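The file run00.txt contains compact mmCIF, C-alpha atoms:
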```txt
# COMPACT_ATOMS: atom_id res chain seq x y z
CA MET A 1 29.69 26.70 135.71
CA PRO A 2 26.10 27.04 136.97
CA ARG A 3 25.19 30.45 138.35
CA THR A 4 23.27 30.53 141.61
CA SER A 5 21.27 33.36 143.17
CA VAL A 6 22.66 34.87 146.39
CA PRO A 7 20.21 36.27 149.00
CA LEU A 8 20.67 40.04 149.16
CA PRO A 9 21.23 40.26 152.97
CA LEU A 10 24.15 37.82 152.59
CA CYS A 11 25.68 39.25 149.42
CA TYR A 12 28.27 41.31 151.35
CA ARG A 13 29.99 37.96 151.98
CA LEU A 14 30.85 37.71 148.28
CA LEU A 15 33.42 40.48 148.65
CA ASN A 16 33.84 41.03 152.38
CA HIS A 17 37.46 39.84 152.29
CA GLY A 18 38.66 42.56 149.94
CA PRO A 19 39.00 40.98 146.48
CA ALA A 20 39.71 42.82 143.24
CA THR A 21 36.66 43.55 141.12
CA LEU A 22 35.69 44.32 137.56
CA ILE A 23 33.17 47.13 137.03
CA THR A 24 30.94 47.20 133.95
CA ALA A 25 28.46 49.84 132.82
CA ARG A 26 26.39 50.82 129.79
CA ALA A 27 24.77 54.07 128.70
CA GLY A 28 23.60 55.51 125.39
CA GLY A 29 24.43 52.36 123.44
CA SER A 30 28.02 52.27 124.70
CA ALA A 31 29.46 49.90 127.33
CA ASN A 32 32.79 49.63 129.11
CA ILE A 33 34.76 47.70 131.73
CA MET A 34 37.38 48.69 134.29
CA ALA A 35 39.17 47.02 137.20
CA ALA A 36 38.61 48.36 140.73
CA GLN A 37 40.26 47.25 143.94
CA TRP A 38 38.74 50.05 146.02
CA VAL A 39 35.36 48.44 146.61
CA MET A 40 33.97 47.38 150.00
CA PRO A 41 30.67 46.57 151.72
CA LEU A 42 29.00 49.43 153.56
CA ASP A 43 25.77 47.91 154.86
CA PHE A 44 23.97 44.57 155.08
CA ASP A 45 20.25 45.03 154.42
CA PRO A 46 19.55 46.62 152.08
CA PRO A 47 23.09 45.78 150.96
CA LYS A 48 25.26 48.71 150.00
CA LEU A 49 28.85 49.05 148.76
CA ALA A 50 31.29 51.95 148.79
CA ILE A 51 33.27 52.27 145.56
CA VAL A 52 36.01 54.62 144.36
CA LEU A 53 35.55 55.46 140.67
CA ASP A 54 38.10 57.77 139.05
CA HIS A 55 36.38 60.76 137.45
CA ALA A 56 38.74 60.43 134.46
CA SER A 57 37.54 56.94 133.58
CA ARG A 58 35.16 56.19 130.72
CA THR A 59 33.25 53.69 132.88
CA ARG A 60 32.61 56.39 135.48
CA ALA A 61 31.06 58.59 132.78
CA LEU A 62 28.72 55.74 131.80
CA ILE A 63 27.73 55.21 135.45
CA ASP A 64 27.14 58.93 135.95
CA ALA A 65 24.80 58.80 132.94
CA SER A 66 22.92 55.57 133.71
CA GLY A 67 23.03 55.32 137.51
CA VAL A 68 23.65 51.56 137.32
CA LEU A 69 26.69 49.29 137.26
CA ALA A 70 27.81 45.74 137.92
CA VAL A 71 30.60 44.68 140.29
CA GLN A 72 32.04 41.25 139.57
CA LEU A 73 34.85 39.21 141.04
CA PRO A 74 37.45 37.80 138.66
CA GLU A 75 38.93 34.44 139.52
CA ARG A 76 42.61 33.60 139.56
CA ALA A 77 42.71 32.60 135.89
CA GLN A 78 41.44 36.06 134.94
CA ALA A 79 44.37 37.96 136.46
CA HIS A 80 45.82 39.04 133.12
CA MET A 81 42.44 40.14 131.74
CA THR A 82 41.83 42.08 134.97
CA TRP A 83 45.17 43.84 134.62
CA ARG A 84 44.59 44.52 130.93
CA VAL A 85 41.18 46.18 131.35
CA GLY A 86 42.47 48.00 134.43
CA SER A 87 45.54 49.48 132.77
CA THR A 88 44.07 50.64 129.46
CA SER A 89 41.50 53.33 128.70
CA GLY A 90 38.14 52.77 127.02
CA ALA A 91 38.43 56.07 125.19
CA GLY A 92 38.32 55.15 121.51
CA VAL A 93 38.78 51.43 122.24
CA ASP A 94 36.11 48.80 122.88
CA LYS A 95 37.65 47.03 125.87
CA LEU A 96 34.66 44.67 126.02
CA ALA A 97 35.27 43.39 122.47
CA ALA A 98 37.67 40.73 123.80
CA VAL A 99 35.57 39.90 126.89
CA GLU A 100 32.67 37.44 126.87
CA THR A 101 29.59 38.95 128.54
CA PHE A 102 25.95 38.08 129.23
CA ALA A 103 22.87 40.09 130.25
CA ALA A 104 22.31 41.07 133.88
CA ASP A 105 19.09 40.15 135.70
CA ALA A 106 18.05 43.52 137.14
CA VAL A 107 20.00 46.30 135.42
CA ASP A 108 20.97 47.08 131.81
CA VAL A 109 24.66 46.28 132.21
CA PRO A 110 26.80 43.52 130.65
CA LEU A 111 28.12 40.91 133.11
CA VAL A 112 31.53 39.32 132.55
CA ALA A 113 31.47 35.56 131.95
CA GLY A 114 33.76 33.31 133.98
CA CYS A 115 33.71 35.45 137.12
CA LEU A 116 33.08 34.12 140.63
CA ALA A 117 30.25 36.50 141.55
CA TRP A 118 28.16 39.35 140.17
CA LEU A 119 26.58 42.21 142.13
CA GLU A 120 24.15 44.37 140.15
CA CYS A 121 23.95 47.86 141.63
CA ARG A 122 22.24 51.24 141.52
CA VAL A 123 23.99 54.43 142.61
CA VAL A 124 22.47 55.87 145.82
CA ARG A 125 22.04 59.63 145.52
CA SER A 126 21.59 62.50 147.94
CA THR A 127 22.93 66.04 148.08
CA ALA A 128 25.72 64.94 150.41
CA LEU A 129 26.55 61.73 148.48
CA ASP A 130 26.60 63.61 145.18
CA GLU A 131 29.08 66.10 146.64
CA VAL A 132 31.29 63.32 148.03
CA ALA A 133 31.25 61.63 144.61
CA ARG A 134 32.31 64.90 142.94
CA GLU A 135 34.95 65.82 145.53
CA HIS A 136 36.38 62.39 146.43
CA ASP A 137 35.30 60.01 143.61
CA LEU A 138 33.62 57.96 146.38
CA PHE A 139 30.22 56.40 145.62
CA VAL A 140 27.62 54.52 147.61
CA VAL A 141 25.65 51.94 145.61
CA GLU A 142 22.84 49.57 146.56
CA VAL A 143 23.02 45.96 145.41
CA VAL A 144 19.73 45.02 143.74
CA ALA A 145 20.62 41.51 142.52
CA ALA A 146 23.46 39.11 143.37
CA SER A 147 24.58 35.79 141.94
CA ALA A 148 27.65 33.58 142.03
CA ASP A 149 29.38 30.61 140.47
CA ASP A 150 28.23 27.63 142.50
CA ARG A 151 31.83 26.64 143.17
CA TYR A 152 32.18 29.97 145.03
CA TRP A 153 28.83 30.21 146.87
CA ARG A 154 27.83 27.16 148.91
CA GLY A 155 24.97 27.25 151.42
CA ASP A 156 25.26 30.68 153.04
CA ARG A 157 28.93 31.48 152.50
CA ILE A 158 31.77 31.65 150.00
CA ALA A 159 34.05 28.69 149.43
CA LEU A 160 37.71 29.15 148.54
CA ASP A 161 38.81 25.55 148.20
CA ALA A 162 38.07 25.07 144.48
CA VAL A 163 38.55 28.68 143.35
CA GLN A 164 40.60 31.69 144.46
CA THR A 165 39.96 35.42 144.51
CA LEU A 166 42.53 38.01 143.39
CA HIS A 167 43.65 40.95 145.53
CA HIS A 168 45.57 43.71 143.76
CA LEU A 169 48.80 44.89 145.36
CA ALA A 170 50.05 47.48 142.83
CA GLY A 171 51.17 47.66 139.21
CA GLY A 172 49.60 44.40 138.04
CA ARG A 173 50.84 42.27 140.94
CA PHE A 174 48.13 40.35 142.77
CA VAL A 175 47.99 38.05 145.76
CA ALA A 176 45.56 35.14 145.60
CA SER A 177 43.37 34.07 148.51
CA GLY A 178 45.20 31.52 150.64
CA ASP A 179 44.22 29.12 153.38
CA LEU A 180 41.34 29.45 155.83
CA ILE A 181 41.87 30.41 159.46
CA ASP A 182 39.28 30.05 162.21
CA GLY A 183 39.83 33.08 164.42
CA ARG A 184 37.38 31.76 167.00
CA GLN A 185 39.99 29.19 168.10
CA PRO A 186 42.81 30.48 170.36
CA MET B 226 60.74 43.27 164.64
CA PRO B 227 62.14 46.66 163.58
CA ARG B 228 59.58 49.24 162.50
CA THR B 229 60.32 51.19 159.35
CA SER B 230 58.80 54.43 158.10
CA VAL B 231 56.66 54.23 154.95
CA PRO B 232 56.55 57.24 152.55
CA LEU B 233 53.04 58.71 152.66
CA PRO B 234 52.40 58.63 148.88
CA LEU B 235 53.08 54.86 148.94
CA CYS B 236 51.23 53.99 152.12
CA TYR B 237 48.08 52.89 150.25
CA ARG B 238 50.10 49.81 149.28
CA LEU B 239 50.05 48.66 152.91
CA LEU B 240 46.37 47.81 152.65
CA ASN B 241 45.53 48.00 148.96
CA HIS B 242 44.75 44.27 148.78
CA GLY B 243 41.89 44.38 151.29
CA PRO B 244 43.26 43.04 154.59
CA ALA B 245 41.45 43.07 157.94
CA THR B 246 42.44 45.93 160.23
CA LEU B 247 42.42 46.89 163.88
CA ILE B 248 41.24 50.40 164.73
CA THR B 249 42.41 52.14 167.91
CA ALA B 250 41.41 55.49 169.36
CA ARG B 251 41.72 57.53 172.54
CA ALA B 252 39.74 60.46 173.97
CA GLY B 253 39.21 61.91 177.41
CA GLY B 254 41.63 59.51 179.07
CA SER B 255 39.87 56.44 177.64
CA ALA B 256 41.11 54.22 174.79
CA ASN B 257 39.61 51.34 172.83
CA ILE B 258 40.20 48.91 169.99
CA MET B 259 37.94 47.31 167.39
CA ALA B 260 38.36 45.16 164.30
CA ALA B 261 37.32 46.56 160.92
CA GLN B 262 37.32 44.84 157.55
CA TRP B 263 35.54 47.67 155.76
CA VAL B 264 38.58 49.89 155.20
CA MET B 265 40.06 50.83 151.81
CA PRO B 266 42.29 53.42 150.18
CA LEU B 267 40.56 56.41 148.64
CA ASP B 268 43.41 58.58 147.38
CA PHE B 269 47.19 58.53 146.97
CA ASP B 270 48.67 61.93 147.84
CA PRO B 271 47.73 63.14 150.32
CA PRO B 272 46.77 59.57 151.21
CA LYS B 273 43.19 59.04 152.29
CA LEU B 274 41.19 56.01 153.40
CA ALA B 275 37.45 55.31 153.49
CA ILE B 276 36.35 53.48 156.63
CA VAL B 277 33.01 52.18 157.90
CA LEU B 278 32.66 52.72 161.66
CA ASP B 279 29.48 51.49 163.34
CA HIS B 280 27.81 54.33 165.25
CA ALA B 281 27.04 51.88 168.07
CA SER B 282 30.72 51.15 168.74
CA ARG B 283 32.67 52.62 171.63
CA THR B 284 35.69 53.22 169.37
CA ARG B 285 33.54 55.31 167.03
CA ALA B 286 32.52 57.52 169.96
CA LEU B 287 36.20 58.09 170.81
CA ILE B 288 36.99 58.96 167.18
CA ASP B 289 34.03 61.35 166.99
CA ALA B 290 35.44 63.07 170.10
CA SER B 291 39.15 63.17 169.16
CA GLY B 292 39.13 63.26 165.34
CA VAL B 293 42.10 60.86 165.22
CA LEU B 294 42.57 57.10 164.97
CA ALA B 295 45.05 54.44 163.98
CA VAL B 296 44.50 51.69 161.42
CA GLN B 297 46.79 48.70 161.81
CA LEU B 298 47.11 45.36 160.06
CA PRO B 299 47.14 42.23 162.21
CA GLU B 300 49.28 39.37 161.03
CA ARG B 301 48.19 35.76 160.75
CA ALA B 302 49.18 34.88 164.33
CA GLN B 303 46.84 37.63 165.59
CA ALA B 304 43.67 36.11 164.10
CA HIS B 305 42.18 35.14 167.44
CA MET B 306 42.95 38.50 169.05
CA THR B 307 41.42 40.24 166.01
CA TRP B 308 38.26 38.18 166.36
CA ARG B 309 38.12 38.75 170.11
CA VAL B 310 38.36 42.55 169.97
CA GLY B 311 35.98 42.54 166.98
CA SER B 312 33.26 40.48 168.63
CA THR B 313 33.13 42.07 172.09
CA SER B 314 32.09 45.56 173.17
CA GLY B 315 34.31 48.06 174.95
CA ALA B 316 31.38 49.29 177.04
CA GLY B 317 32.42 48.64 180.64
CA VAL B 318 35.39 46.48 179.57
CA ASP B 319 38.97 47.56 178.85
CA LYS B 320 39.62 45.60 175.67
CA LEU B 321 43.12 47.05 175.46
CA ALA B 322 44.11 45.62 178.86
CA ALA B 323 45.16 42.34 177.22
CA VAL B 324 46.78 43.99 174.17
CA GLU B 325 50.36 45.30 174.12
CA THR B 326 50.49 48.83 172.72
CA PHE B 327 53.01 51.63 172.14
CA ALA B 328 52.76 55.35 171.41
CA ALA B 329 52.02 56.59 167.91
CA ASP B 330 54.32 59.09 166.15
CA ALA B 331 51.86 61.76 165.03
CA VAL B 332 48.57 61.30 166.87
CA ASP B 333 47.56 60.57 170.48
CA VAL B 334 46.41 57.01 169.85
CA PRO B 335 47.82 53.68 171.09
CA LEU B 336 49.33 51.43 168.40
CA VAL B 337 49.04 47.65 168.67
CA ALA B 338 52.34 45.80 168.98
CA GLY B 339 53.06 42.87 166.68
CA CYS B 340 51.09 44.21 163.73
CA LEU B 341 52.40 44.37 160.16
CA ALA B 342 51.71 48.06 159.55
CA TRP B 343 50.33 51.17 161.23
CA LEU B 344 48.54 54.10 159.57
CA GLU B 345 47.96 57.12 161.82
CA CYS B 346 44.98 59.13 160.63
CA ARG B 347 42.88 62.26 161.08
CA VAL B 348 39.20 62.40 160.15
CA VAL B 349 38.55 64.66 157.14
CA ARG B 350 35.52 66.84 157.76
CA SER B 351 33.15 68.86 155.58
CA THR B 352 29.41 69.42 155.65
CA ALA B 353 28.88 66.63 153.12
CA LEU B 354 31.33 64.20 154.76
CA ASP B 355 29.83 64.81 158.20
CA GLU B 356 26.38 64.00 156.83
CA VAL B 357 27.64 60.83 155.11
CA ALA B 358 29.28 59.76 158.39
CA ARG B 359 25.99 60.31 160.26
CA GLU B 360 23.77 58.66 157.64
CA HIS B 361 25.99 55.83 156.41
CA ASP B 362 28.72 55.38 159.09
CA LEU B 363 31.20 56.04 156.24
CA PHE B 364 34.28 58.18 157.04
CA VAL B 365 37.10 59.68 155.03
CA VAL B 366 40.40 59.96 156.90
CA GLU B 367 43.81 61.31 155.90
CA VAL B 368 46.91 59.29 156.75
CA VAL B 369 49.43 61.55 158.49
CA ALA B 370 52.09 58.94 159.39
CA ALA B 371 52.72 55.38 158.24
CA SER B 372 55.12 52.66 159.37
CA ALA B 373 55.51 48.92 158.96
CA ASP B 374 57.29 45.84 160.22
CA ASP B 375 60.36 45.52 158.02
CA ARG B 376 59.39 41.97 157.10
CA TYR B 377 56.26 43.46 155.50
CA TRP B 378 57.62 46.63 153.84
CA ARG B 379 60.66 46.15 151.60
CA GLY B 380 61.88 48.86 149.25
CA ASP B 381 58.70 50.43 147.87
CA ARG B 382 56.21 47.57 148.30
CA ILE B 383 54.77 45.03 150.68
CA ALA B 384 56.25 41.53 150.91
CA LEU B 385 54.07 38.52 151.69
CA ASP B 386 56.65 35.76 151.72
CA ALA B 387 57.61 35.90 155.41
CA VAL B 388 54.28 37.17 156.79
CA GLN B 389 50.62 36.94 155.83
CA THR B 390 47.70 39.33 156.08
CA LEU B 391 44.24 38.28 157.28
CA HIS B 392 41.03 38.91 155.33
CA HIS B 393 37.77 38.47 157.23
CA LEU B 394 35.07 36.36 155.58
CA ALA B 395 32.33 36.36 158.24
CA GLY B 396 31.78 35.20 161.81
CA GLY B 397 35.43 34.86 162.79
CA ARG B 398 36.53 32.98 159.68
CA PHE B 399 39.47 34.53 157.84
CA VAL B 400 41.38 33.75 154.69
CA ALA B 401 45.12 34.42 154.72
CA SER B 402 46.99 36.02 151.85
CA GLY B 403 48.22 33.35 149.46
CA ASP B 404 50.65 33.22 146.57
CA LEU B 405 51.68 36.07 144.30
CA ILE B 406 50.43 36.36 140.71
CA ASP B 407 51.92 38.65 138.07
CA GLY B 408 48.89 39.83 136.09
CA ARG B 409 51.16 41.51 133.52
CA GLN B 410 52.03 38.06 132.13
CA PRO B 411 49.41 36.41 129.85
```
Please express the file's structure as structure tokens.
Amino acid sequence: MPRTSVPLPLCYRLLNHGPATLITARAGGSANIMAAQWVMPLDFDPPKLAIVLDHASRTRALIDASGVLAVQLPERAQAHMTWRVGSTSGAGVDKLAAVETFAADAVDVPLVAGCLAWLECRVVRSTALDEVAREHDLFVVEVVAASADDRYWRGDRIALDAVQTLHHLAGGRFVASGDLIDGRQP
Amino acid sequence: MPRTSVPLPLCYRLLNHGPATLITARAGGSANIMAAQWVMPLDFDPPKLAIVLDHASRTRALIDASGVLAVQLPERAQAHMTWRVGSTSGAGVDKLAAVETFAADAVDVPLVAGCLAWLECRVVRSTALDEVAREHDLFVVEVVAASADDRYWRGDRIALDAVQTLHHLAGGRFVASGDLIDGRQP
């Protein structure tokens, strides 16, 4: 599955429609992975995302330490893996041991193989954002590199004919992306 | 389509999977509607959402004035209406004139008829949140009442067999919710 670069001002389109994500991070020689559904675009150029990261999670601690993370989109066939890494803790367990990864382009974070898209990010900091992160677990990150499986990114948009994204409902139940609708037509 | 009340600690499930939303607001005798895809849960109990609201939008000005808003989920048949109210400005035009609405339960905001679910919200304010809203157009709101079409809310979860949610890709193209996947099964 060849990986293609995605122009940064268009990278919001990779996850505009609300798919589930996998978050990876590394700090101090240790790396981890978690699932996150609460991720959305926040701005186009430079591209930013808003992400909710539970302060109790091991991945959050790594991100707090390193200031970098990767957001990737699992495809339909990865639903069980997504649920597994999202429902277990990385405390004392290497959740990445059973997950194939490769090196990111712009940040020191492992990327998960077999995903539909990868957004490499840096945490945006300010006095106000730091307080919102502490109080609400809500982060703003800037995307510094983006790439996608070339079945998912074609021309300037995502394609959902050959692959499907996952959208988490609750408790390990997902809904897949369905058929396309052109809202411009009455 | 009977409307059923949704317990507040479960209301995140109404939009956990990333659907497109319609935002309505009223202030000073004037009301408006906009479409918003950048909406996600932020906390369970009390339930909170994070929402991106463009500072150039008329609906944002009403929310800044009143501190209240409604977030509702259009169903598949409302794709064109969602695109229409999302791609036109309410400056000098009454976008709600062509939209059937009814009164909300807890806040002074019109709710859009025919939607799958309605979340009535108040903006959460603090020095840090106010600055993040100004700088990044990112808001935290608390859900104070929630209800849903009873085809969409059954028992303690959403149902997507009889109805479908919309998820905006870009430029008026949506993907509908598709089939269910149980990620707990390998």
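We find atom CA of Lys320 of chain B and atom CA of Ala286 of chain B to be spaced 15.0 Å apart.
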Using only C-alpha atoms, find each residue in chain B having at least one atom no more than 9 Å away from chain A; report its shortest atom-to-atom pair and that distance in Å (one decimal), rows by chain then rising number, as a Markdown table.
```
| residue | atom | partner | partner_atom | distance |
| --- | --- | --- | --- | --- |
| B:Arg238 | CA | A:Leu169 | CA | 6.4 |
| B:Leu239 | CA | A:Leu169 | CA | 8.5 |
| B:Leu240 | CA | A:Leu169 | CA | 8.2 |
| B:Asn241 | CA | A:Leu169 | CA | 5.8 |
| B:His242 | CA | A:His167 | CA | 4.8 |
| B:Gly243 | CA | A:Gly18 | CA | 3.9 |
| B:Pro244 | CA | A:Gly18 | CA | 6.6 |
| B:Ala245 | CA | A:His17 | CA | 7.6 |
| B:Gln262 | CA | A:His17 | CA | 7.3 |
| B:Trp263 | CA | A:Met40 | CA | 6.0 |
| B:Val264 | CA | A:Met40 | CA | 7.4 |
| B:Met265 | CA | A:Trp38 | CA | 6.0 |
| B:Pro266 | CA | A:Trp38 | CA | 6.4 |
| B:Leu267 | CA | A:Val52 | CA | 6.5 |
| B:Asp268 | CA | A:His136 | CA | 8.1 |
| B:Ala275 | CA | A:Ala50 | CA | 8.4 |
| B:Ile276 | CA | A:Leu42 | CA | 8.9 |
| B:Val277 | CA | A:Leu42 | CA | 6.5 |
| B:Arg301 | CA | A:Ile181 | CA | 8.4 |
| B:Gln303 | CA | A:Gly183 | CA | 8.4 |
| B:Ala304 | CA | A:Gly183 | CA | 4.9 |
| B:His305 | CA | A:Gly183 | CA | 4.3 |
| B:Met306 | CA | A:Gly183 | CA | 7.8 |
| B:Thr307 | CA | A:Gly183 | CA | 7.5 |
| B:Trp308 | CA | A:Gly183 | CA | 5.7 |
| B:Arg309 | CA | A:Arg184 | CA | 7.7 |
| B:Thr352 | CA | A:Ala128 | CA | 7.8 |
| B:Ala353 | CA | A:Ala128 | CA | 4.5 |
| B:Leu354 | CA | A:Val132 | CA | 6.8 |
| B:Asp355 | CA | A:Ala128 | CA | 8.8 |
| B:Glu356 | CA | A:Ala128 | CA | 6.5 |
| B:Val357 | CA | A:Ala128 | CA | 6.5 |
| B:His361 | CA | A:Leu42 | CA | 7.6 |
| B:Asp362 | CA | A:Leu42 | CA | 8.1 |
| B:Leu363 | CA | A:Leu42 | CA | 7.5 |
| B:Arg382 | CA | A:Ala170 | CA | 8.2 |
| B:Ile383 | CA | A:Leu169 | CA | 8.0 |
| B:Leu385 | CA | A:Val175 | CA | 8.5 |
| B:Leu391 | CA | A:Ile181 | CA | 8.5 |
| B:His392 | CA | A:His17 | CA | 4.8 |
| B:His393 | CA | A:His17 | CA | 5.1 |
| B:Leu394 | CA | A:His17 | CA | 5.4 |
| B:Ala395 | CA | A:Arg13 | CA | 6.9 |
| B:Gly396 | CA | A:Arg184 | CA | 8.4 |
| B:Gly397 | CA | A:Gly183 | CA | 5.0 |
| B:Arg398 | CA | A:Asp182 | CA | 4.7 |
| B:Phe399 | CA | A:Ile181 | CA | 5.0 |
| B:Val400 | CA | A:Leu180 | CA | 4.4 |
| B:Ala401 | CA | A:Gly178 | CA | 5.0 |
| B:Ser402 | CA | A:Gly178 | CA | 5.0 |
| B:Gly403 | CA | A:Gly178 | CA | 3.7 |
| B:Asp404 | CA | A:Ala176 | CA | 5.5 |
| B:Leu405 | CA | A:Val175 | CA | 4.4 |
| B:Ile406 | CA | A:Phe174 | CA | 5.0 |
| B:Asp407 | CA | A:Arg173 | CA | 4.7 |
| B:Gly408 | CA | A:His80 | CA | 4.3 |
| B:Arg409 | CA | A:Gly172 | CA | 5.6 |
| B:Gln410 | CA | A:His80 | CA | 6.4 |
| B:Pro411 | CA | A:His80 | CA | 5.5 |
```
Worksheet entry | Nearest candidate to Pro335 of chain B (options B:Arg251, B:Arg350, B:Arg379, B:Arg285; using all atoms listed in the file) |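 For Pro335 of chain B, the nearest of the candidates is B:Arg251.
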Item to complete: For atom CA of Thr249 of chain B and atom CA of Leu294 of chain B, quote the distance in Å rounded to one decimal.
Response: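 Separating atom CA of Thr249 of chain B from atom CA of Leu294 of chain B is a distance of 5.8 Å.
Take atom CA of Leu96 of chain A and atom CA of Val71 of chain A: the distance between them is 14.8 Å.
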Practice prompt. Name the residues within 9 Å of (23.4, 35.7, 139.9), counting all atoms listed in the file in the file's coordinates, and put them as a list of chain:residue names.
Written response: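 Looking at atoms near the point gives A:Arg3, A:Thr4, A:Ser5, A:Val6, A:Ala104, A:Asp105, A:Ala117, A:Trp118, A:Leu119, A:Glu120, A:Ala145, A:Ala146, A:Ser147, A:Ala148, A:Asp149.
Distances here use only C-alpha atoms; by that measure, the residue among A:Val141, A:Cys115, A:Ala56, A:Pro7 closest to Glu100 of chain A is A:Cys115.
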Practice prompt. Rank B:Cys236, B:Leu247, B:Val388, B:Val293 by their smallest atom-to-atom distance to Val334 of chain B, using only C-alpha atoms, and report the top residue only.
Written response: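 Closest to Val334 of chain B, using only C-alpha atoms: B:Val293.
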Worksheet item: Looking at only C-alpha atoms, which of B:Ala295, B:Gly380, B:Val318, B:Phe364 is the one that sits closest to His280 of chain B?
Response: B:Phe364
Return as JSON the box centre and box size in Å, one decimal, for an axis-aligned box around all listed atoms of segment 318-321 of chain B padded by 3 Å per side.
```
{"center_x": 39.3, "center_y": 46.6, "center_z": 177.5, "size_x": 13.7, "size_y": 8.0, "size_z": 10.1}
```
Worksheet, complete the sentence: If you count only C-alpha atoms, the residue of B:Phe327, B:Asp289, B:Val337, B:Pro227 closest to Thr246 of chain B turns out to be B:Val337
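When all atoms listed in the file are used to compute distances to Ala97 of chain A, the closest of the residues A:Val85, A:Ile23, A:Leu10, A:Ala162 turns out to be A:Val85.
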